[in-house]
Amino acid sequence: MNYRPDDDAHFVAKKRQYIKRKRKTRTFLIAAFCIAIAVVWVMIIFTVKRLTDAYSPAETTYQTTEAVETTAPPVIQTDSGSFYTDAETETLEISREAINKGSLMLVSDYLGHAAPEKAPTLTTVWGNKSPTYYVASATLGLVNEAFRAADKMFSDYCEEYSNSDYQITMAYSDGSICCAEHATGYAFDVNVYKKDGTSMRLAEAAAEEEMYAWLYENAAKYGFVLRYAADKTGVTGMSHDPDHFRYVGEGHSRYMSENNLALEEYIGTVQKYSYEGEHLLFEYDGASYEVFYVKMPDDAESVAIDIPADVSYTLSGDNISGAIVTLYK
Ligand SMILES: [Zn+2]
């Protein structure tokens, strides 16, 4: 056998090449792994930030967390239109229970705000409604405030178009609750039920005949919003639902629709307007509104604030940590 020293050299070179290739591959894999980890982190940070932004509480509400006897009158920075300017005031006591009731309650599985355990007091739609629209089941109910607003809305539509085809298909029902928000009694679903006995999804009917789009265009005037809009799925965590309307109250509904805010975003906005600080002021349909947030201190059972004596007000919890006071005239 011939021994050629070349063979060794050749083998060593090959092996070197092999090791080099292997190193290259390993470096590449490590780099890819690091990049992947970085991307995951960025996504986590981004998601957390978005979630906290959606309902970040006001920076300052109450300095003290003692049982609260309030206290200093509010300092209104935009005082031109405030009801507090030169007003006689009276005391409004807000109890801890107020956090979990009212038309601005945020119920969201996505953000971990469950519906209150206590069932709302309801008005049954069937038997109380005007004959200007249908209801799909005799068991469906709404909180009276929302029922009154819906009844007025459908009656106004019927008067304008001589048409009573809108149908409430879902609201609060003891047996089946299709999504968490129906448990509040402030939400209902709508379709179109025609004289010939056929029914259509609201969005399809609205696309086909202009008059059925009326509800989308006018609901905000009556205190309702389309709760799960196509462009808000990232905020609500719910897919687009063109049937589902939610009562939030007049004024609030107009502000939300004019500013394209989902309820999550609106609550986040309102939480920044504290009692002591600047208040949110707006006007719609001839009414003036002044809105602010009262955060419930951790160890308090109630909070007392002053409100002007000569205006109306509503109170609604956010179902998170406090109550929204709405003054209006
Ligand atoms: Zn629904």
# chains A, B, ... in the order shown; residues from 1 in each chain; ligands from 1

call {"tool": "residues_near_ligand", "arguments": {"ligand": "ligand 1", "cutoff": "6 Å", "atoms": "only C-alpha atoms and all ligand atoms", "output": "list in words"}}
result
Phe188, Asp189 and His244 of chain A

call {"tool": "residues_around", "arguments": {"residues": "Thr91 of chain A", "least_positions_apart": "5", "cutoff": "10 Å", "atoms": "only C-alpha atoms", "output": "PDB file with C-alpha atoms, in the first residue's frame"}}
result
ATOM      1  CA  THR A  70     -64.533  65.037  50.967  1.00  0.00           C
ATOM      2  CA  ALA A 304     -68.827  62.327  49.567  1.00  0.00           C
ATOM      3  CA  ILE A 305     -68.471  65.062  46.973  1.00  0.00           C
ATOM      4  CA  ASP A 306     -70.216  68.353  46.276  1.00  0.00           C
ATOM      5  CA  ILE A 307     -72.332  68.798  43.174  1.00  0.00           C
ATOM      6  CA  PRO A 308     -74.168  71.896  41.953  1.00  0.00           C
ATOM      7  CA  ALA A 309     -77.711  71.942  43.320  1.00  0.00           C
TER       8      ALA A 309
END

call {"tool": "closest_residue", "arguments": {"among": "A:His252, A:Arg148, A:Arg96, A:Lys232", "to": "Val294 of chain A", "atoms": "only C-alpha atoms"}}
result
A:Arg96

call {"tool": "residues_around", "arguments": {"residues": "Ile94 of chain A", "least_positions_apart": "5", "cutoff": "10 Å", "atoms": "only C-alpha atoms", "output": "list in words"}}
result
Ile99, Val294, Met296, Glu301, Ser302, Val303, Ala304, Ile305, Leu315, Ser316, Gly317, Gly322, Ala323 and Val325 of chain A

call {"tool": "atom_distance", "arguments": {"atom1": "atom CA of Trp214 of chain A", "atom2": "atom CA of Tyr193 of chain A"}}
result
15.1 Å

call {"tool": "closest_residue", "arguments": {"among": "A:Thr123, A:Ser199, A:Ser155, A:Ser312", "to": "Ala171 of chain A", "atoms": "only C-alpha atoms"}}
result
A:Thr123

call {"tool": "atom_distance", "arguments": {"atom1": "atom CA of Glu90 of chain A", "atom2": "atom CA of Lys329 of chain A"}}
result
16.2 Å

call {"tool": "residues_around", "arguments": {"residues": "Leu142 of chain A", "least_positions_apart": "6", "cutoff": "8 Å", "atoms": "only C-alpha atoms", "output": "list in words"}}
result
Leu122, Thr123, Thr124, Val125, Ala171, Tyr172, Gly185, Tyr186 and Ala187 of chain A

call {"tool": "select_by_dssp", "arguments": {"residues": "segment 250-319 of chain A", "states": "strand (DSSP E)", "output": "MDAnalysis selection string"}}
result
chainID A and resid 280:284 287:295 302:308 312:317

call {"tool": "write_last_selection", "arguments": {"atoms": "C-alpha atoms", "output": "mmCIF file, in the first residue's frame"}}
result
data_model
loop_
_atom_site.group_PDB
_atom_site.id
_atom_site.type_symbol
_atom_site.label_atom_id
_atom_site.label_comp_id
_atom_site.auth_asym_id
_atom_site.auth_seq_id
_atom_site.Cartn_x
_atom_site.Cartn_y
_atom_site.Cartn_z
ATOM 1 C CA LEU A 280 -64.770 66.751 30.716
ATOM 2 C CA LEU A 281 -67.254 69.175 29.178
ATOM 3 C CA PHE A 282 -69.305 68.673 26.030
ATOM 4 C CA GLU A 283 -72.587 69.674 24.448
ATOM 5 C CA TYR A 284 -74.901 67.657 22.235
ATOM 6 C CA ALA A 287 -77.801 69.638 26.417
ATOM 7 C CA SER A 288 -74.583 70.480 28.288
ATOM 8 C CA TYR A 289 -72.643 67.759 30.071
ATOM 9 C CA GLU A 290 -69.935 67.840 32.696
ATOM 10 C CA VAL A 291 -68.290 64.508 33.417
ATOM 11 C CA PHE A 292 -65.675 63.420 35.955
ATOM 12 C CA TYR A 293 -64.402 60.338 37.720
ATOM 13 C CA VAL A 294 -64.416 59.579 41.424
ATOM 14 C CA LYS A 295 -62.027 56.780 42.302
ATOM 15 C CA SER A 302 -68.170 55.682 50.459
ATOM 16 C CA VAL A 303 -66.996 59.043 49.202
ATOM 17 C CA ALA A 304 -68.827 62.327 49.567
ATOM 18 C CA ILE A 305 -68.471 65.062 46.973
ATOM 19 C CA ASP A 306 -70.216 68.353 46.276
ATOM 20 C CA ILE A 307 -72.332 68.798 43.174
ATOM 21 C CA PRO A 308 -74.168 71.896 41.953
ATOM 22 C CA SER A 312 -79.437 66.934 37.003
ATOM 23 C CA TYR A 313 -76.935 64.154 37.428
ATOM 24 C CA THR A 314 -76.427 60.462 36.796
ATOM 25 C CA LEU A 315 -73.994 58.166 38.515
ATOM 26 C CA SER A 316 -72.480 55.042 37.021
ATOM 27 C CA GLY A 317 -69.725 52.757 38.175
#

call {"tool": "atom_distance", "arguments": {"atom1": "atom CA of Phe245 of chain A", "atom2": "atom CA of Ser274 of chain A"}}
result
28.1 Å

call {"tool": "closest_residue", "arguments": {"among": "A:Asn259, A:Glu117, A:Ala203, A:Thr139", "to": "His240 of chain A", "atoms": "only C-alpha atoms"}}
result
A:Ala203

call {"tool": "residues_around", "arguments": {"residues": "Lys195 of chain A", "least_positions_apart": "3", "cutoff": "10 Å", "atoms": "only C-alpha atoms", "output": "PyMOL selection string"}}
result
chain A and resi 163-165+192+198-199

call {"tool": "write_last_selection", "arguments": {"atoms": "N, CA and C atoms", "output": "compact mmCIF listing (two decimals), in the first residue's frame"}}
result
# COMPACT_ATOMS: atom_id res chain seq x y z
N ASN A 163 -92.47 51.98 9.40
CA ASN A 163 -91.90 50.63 9.30
C ASN A 163 -91.59 50.13 10.70
N SER A 164 -91.98 48.90 10.96
CA SER A 164 -91.74 48.35 12.31
C SER A 164 -90.97 47.02 12.24
N ASP A 165 -90.03 46.95 11.30
CA ASP A 165 -89.32 45.68 11.04
C ASP A 165 -88.14 45.40 11.97
N VAL A 192 -83.62 42.35 11.36
CA VAL A 192 -84.77 42.91 10.62
C VAL A 192 -85.73 41.77 10.31
N THR A 198 -89.65 36.63 6.69
CA THR A 198 -88.21 36.39 6.60
C THR A 198 -87.47 37.34 7.53
N SER A 199 -86.34 36.88 8.00
CA SER A 199 -85.52 37.79 8.81
C SER A 199 -84.13 37.89 8.22

call {"tool": "closest_residue", "arguments": {"among": "A:Glu265, A:Asp310, A:Asp285, A:Glu160", "to": "Gly223 of chain A", "atoms": "only C-alpha atoms"}}
result
A:Asp285

call {"tool": "residues_around", "arguments": {"residues": "Pro242 of chain A", "least_positions_apart": "5", "cutoff": "12 Å", "atoms": "only C-alpha atoms", "output": "PyMOL selection string"}}
result
chain A and resi 188-191+201-207+213+215-216+225-231

call {"tool": "write_last_selection", "arguments": {"atoms": "C-alpha atoms", "output": "PDB file, in the first residue's frame"}}
result
ATOM      1  CA  PHE A 188     -79.473  44.095  22.992  1.00  0.00           C
ATOM      2  CA  ASP A 189     -79.065  42.565  19.537  1.00  0.00           C
ATOM      3  CA  VAL A 190     -81.170  43.597  16.565  1.00  0.00           C
ATOM      4  CA  ASN A 191     -82.154  42.077  13.249  1.00  0.00           C
ATOM      5  CA  ARG A 201     -79.027  40.260   9.786  1.00  0.00           C
ATOM      6  CA  LEU A 202     -79.089  43.992  10.447  1.00  0.00           C
ATOM      7  CA  ALA A 203     -75.900  44.713   8.499  1.00  0.00           C
ATOM      8  CA  GLU A 204     -77.155  42.838   5.432  1.00  0.00           C
ATOM      9  CA  ALA A 205     -80.524  44.578   5.519  1.00  0.00           C
ATOM     10  CA  ALA A 206     -78.816  47.962   5.947  1.00  0.00           C
ATOM     11  CA  ALA A 207     -76.564  47.279   2.960  1.00  0.00           C
ATOM     12  CA  ALA A 213     -79.176  51.764   8.100  1.00  0.00           C
ATOM     13  CA  LEU A 215     -80.262  52.440  13.439  1.00  0.00           C
ATOM     14  CA  TYR A 216     -76.517  52.668  12.809  1.00  0.00           C
ATOM     15  CA  VAL A 225     -73.386  52.601  20.752  1.00  0.00           C
ATOM     16  CA  LEU A 226     -72.468  49.720  18.499  1.00  0.00           C
ATOM     17  CA  ARG A 227     -70.365  48.057  21.130  1.00  0.00           C
ATOM     18  CA  TYR A 228     -68.040  45.805  19.117  1.00  0.00           C
ATOM     19  CA  ALA A 229     -66.975  47.775  16.061  1.00  0.00           C
ATOM     20  CA  ALA A 230     -64.815  46.393  13.257  1.00  0.00           C
ATOM     21  CA  ASP A 231     -61.977  48.853  13.930  1.00  0.00           C
TER      22      ASP A 231
END

call {"tool": "closest_residue", "arguments": {"among": "A:Asn218, A:Thr85, A:Ser103, A:Asn144", "to": "Arg254 of chain A", "atoms": "only C-alpha atoms"}}
result
A:Asn218

call {"tool": "closest_residue", "arguments": {"among": "A:Asp196, A:Pro120, A:Lys221, A:Glu159", "to": "Asp174 of chain A", "atoms": "only C-alpha atoms"}}
result
A:Pro120

call {"tool": "decode", "arguments": {"residues": "segment 195-215 of chain A", "atoms": "N, CA and C atoms", "output": "compact mmCIF listing (two decimals), in the first residue's frame"}}
result
# COMPACT_ATOMS: atom_id res chain seq x y z
N LYS A 195 -92.32 41.63 6.94
CA LYS A 195 -93.74 41.24 6.94
C LYS A 195 -93.95 39.84 6.34
N ASP A 196 -93.12 39.48 5.38
CA ASP A 196 -93.30 38.16 4.75
C ASP A 196 -92.73 37.02 5.60
N GLY A 197 -92.30 37.35 6.80
CA GLY A 197 -91.84 36.31 7.71
C GLY A 197 -90.36 35.99 7.61
N THR A 198 -89.65 36.63 6.69
CA THR A 198 -88.21 36.39 6.60
C THR A 198 -87.47 37.34 7.53
N SER A 199 -86.34 36.88 8.00
CA SER A 199 -85.52 37.79 8.81
C SER A 199 -84.13 37.89 8.22
N MET A 200 -83.49 39.02 8.48
CA MET A 200 -82.15 39.30 7.94
C MET A 200 -81.27 39.86 9.02
N ARG A 201 -79.98 39.59 8.91
CA ARG A 201 -79.03 40.26 9.79
C ARG A 201 -79.11 41.76 9.52
N LEU A 202 -78.94 42.54 10.58
CA LEU A 202 -79.09 43.99 10.45
C LEU A 202 -78.13 44.58 9.40
N ALA A 203 -76.89 44.15 9.42
CA ALA A 203 -75.90 44.71 8.50
C ALA A 203 -76.25 44.42 7.04
N GLU A 204 -76.76 43.21 6.80
CA GLU A 204 -77.16 42.84 5.43
C GLU A 204 -78.35 43.66 4.98
N ALA A 205 -79.33 43.79 5.86
CA ALA A 205 -80.52 44.58 5.52
C ALA A 205 -80.15 46.03 5.26
N ALA A 206 -79.23 46.56 6.09
CA ALA A 206 -78.82 47.96 5.95
C ALA A 206 -78.07 48.18 4.64
N ALA A 207 -77.30 47.17 4.21
CA ALA A 207 -76.56 47.28 2.96
C ALA A 207 -77.51 47.23 1.77
N GLU A 208 -78.61 46.51 1.93
CA GLU A 208 -79.56 46.33 0.85
C GLU A 208 -80.53 47.50 0.72
N GLU A 209 -81.03 47.94 1.87
CA GLU A 209 -82.00 49.04 1.86
C GLU A 209 -81.58 50.12 2.84
N GLU A 210 -81.45 51.32 2.28
CA GLU A 210 -80.95 52.47 3.04
C GLU A 210 -81.70 52.69 4.36
N MET A 211 -83.00 52.47 4.35
CA MET A 211 -83.77 52.81 5.56
C MET A 211 -83.38 51.95 6.77
N TYR A 212 -82.86 50.76 6.53
CA TYR A 212 -82.48 49.92 7.66
C TYR A 212 -81.13 50.34 8.26
N ALA A 213 -80.43 51.23 7.55
CA ALA A 213 -79.18 51.76 8.10
C ALA A 213 -79.45 52.83 9.17
N TRP A 214 -80.70 53.22 9.28
CA TRP A 214 -81.10 54.28 10.23
C TRP A 214 -80.57 54.01 11.63
N LEU A 215 -80.67 52.78 12.07
CA LEU A 215 -80.26 52.44 13.44
C LEU A 215 -78.77 52.75 13.67
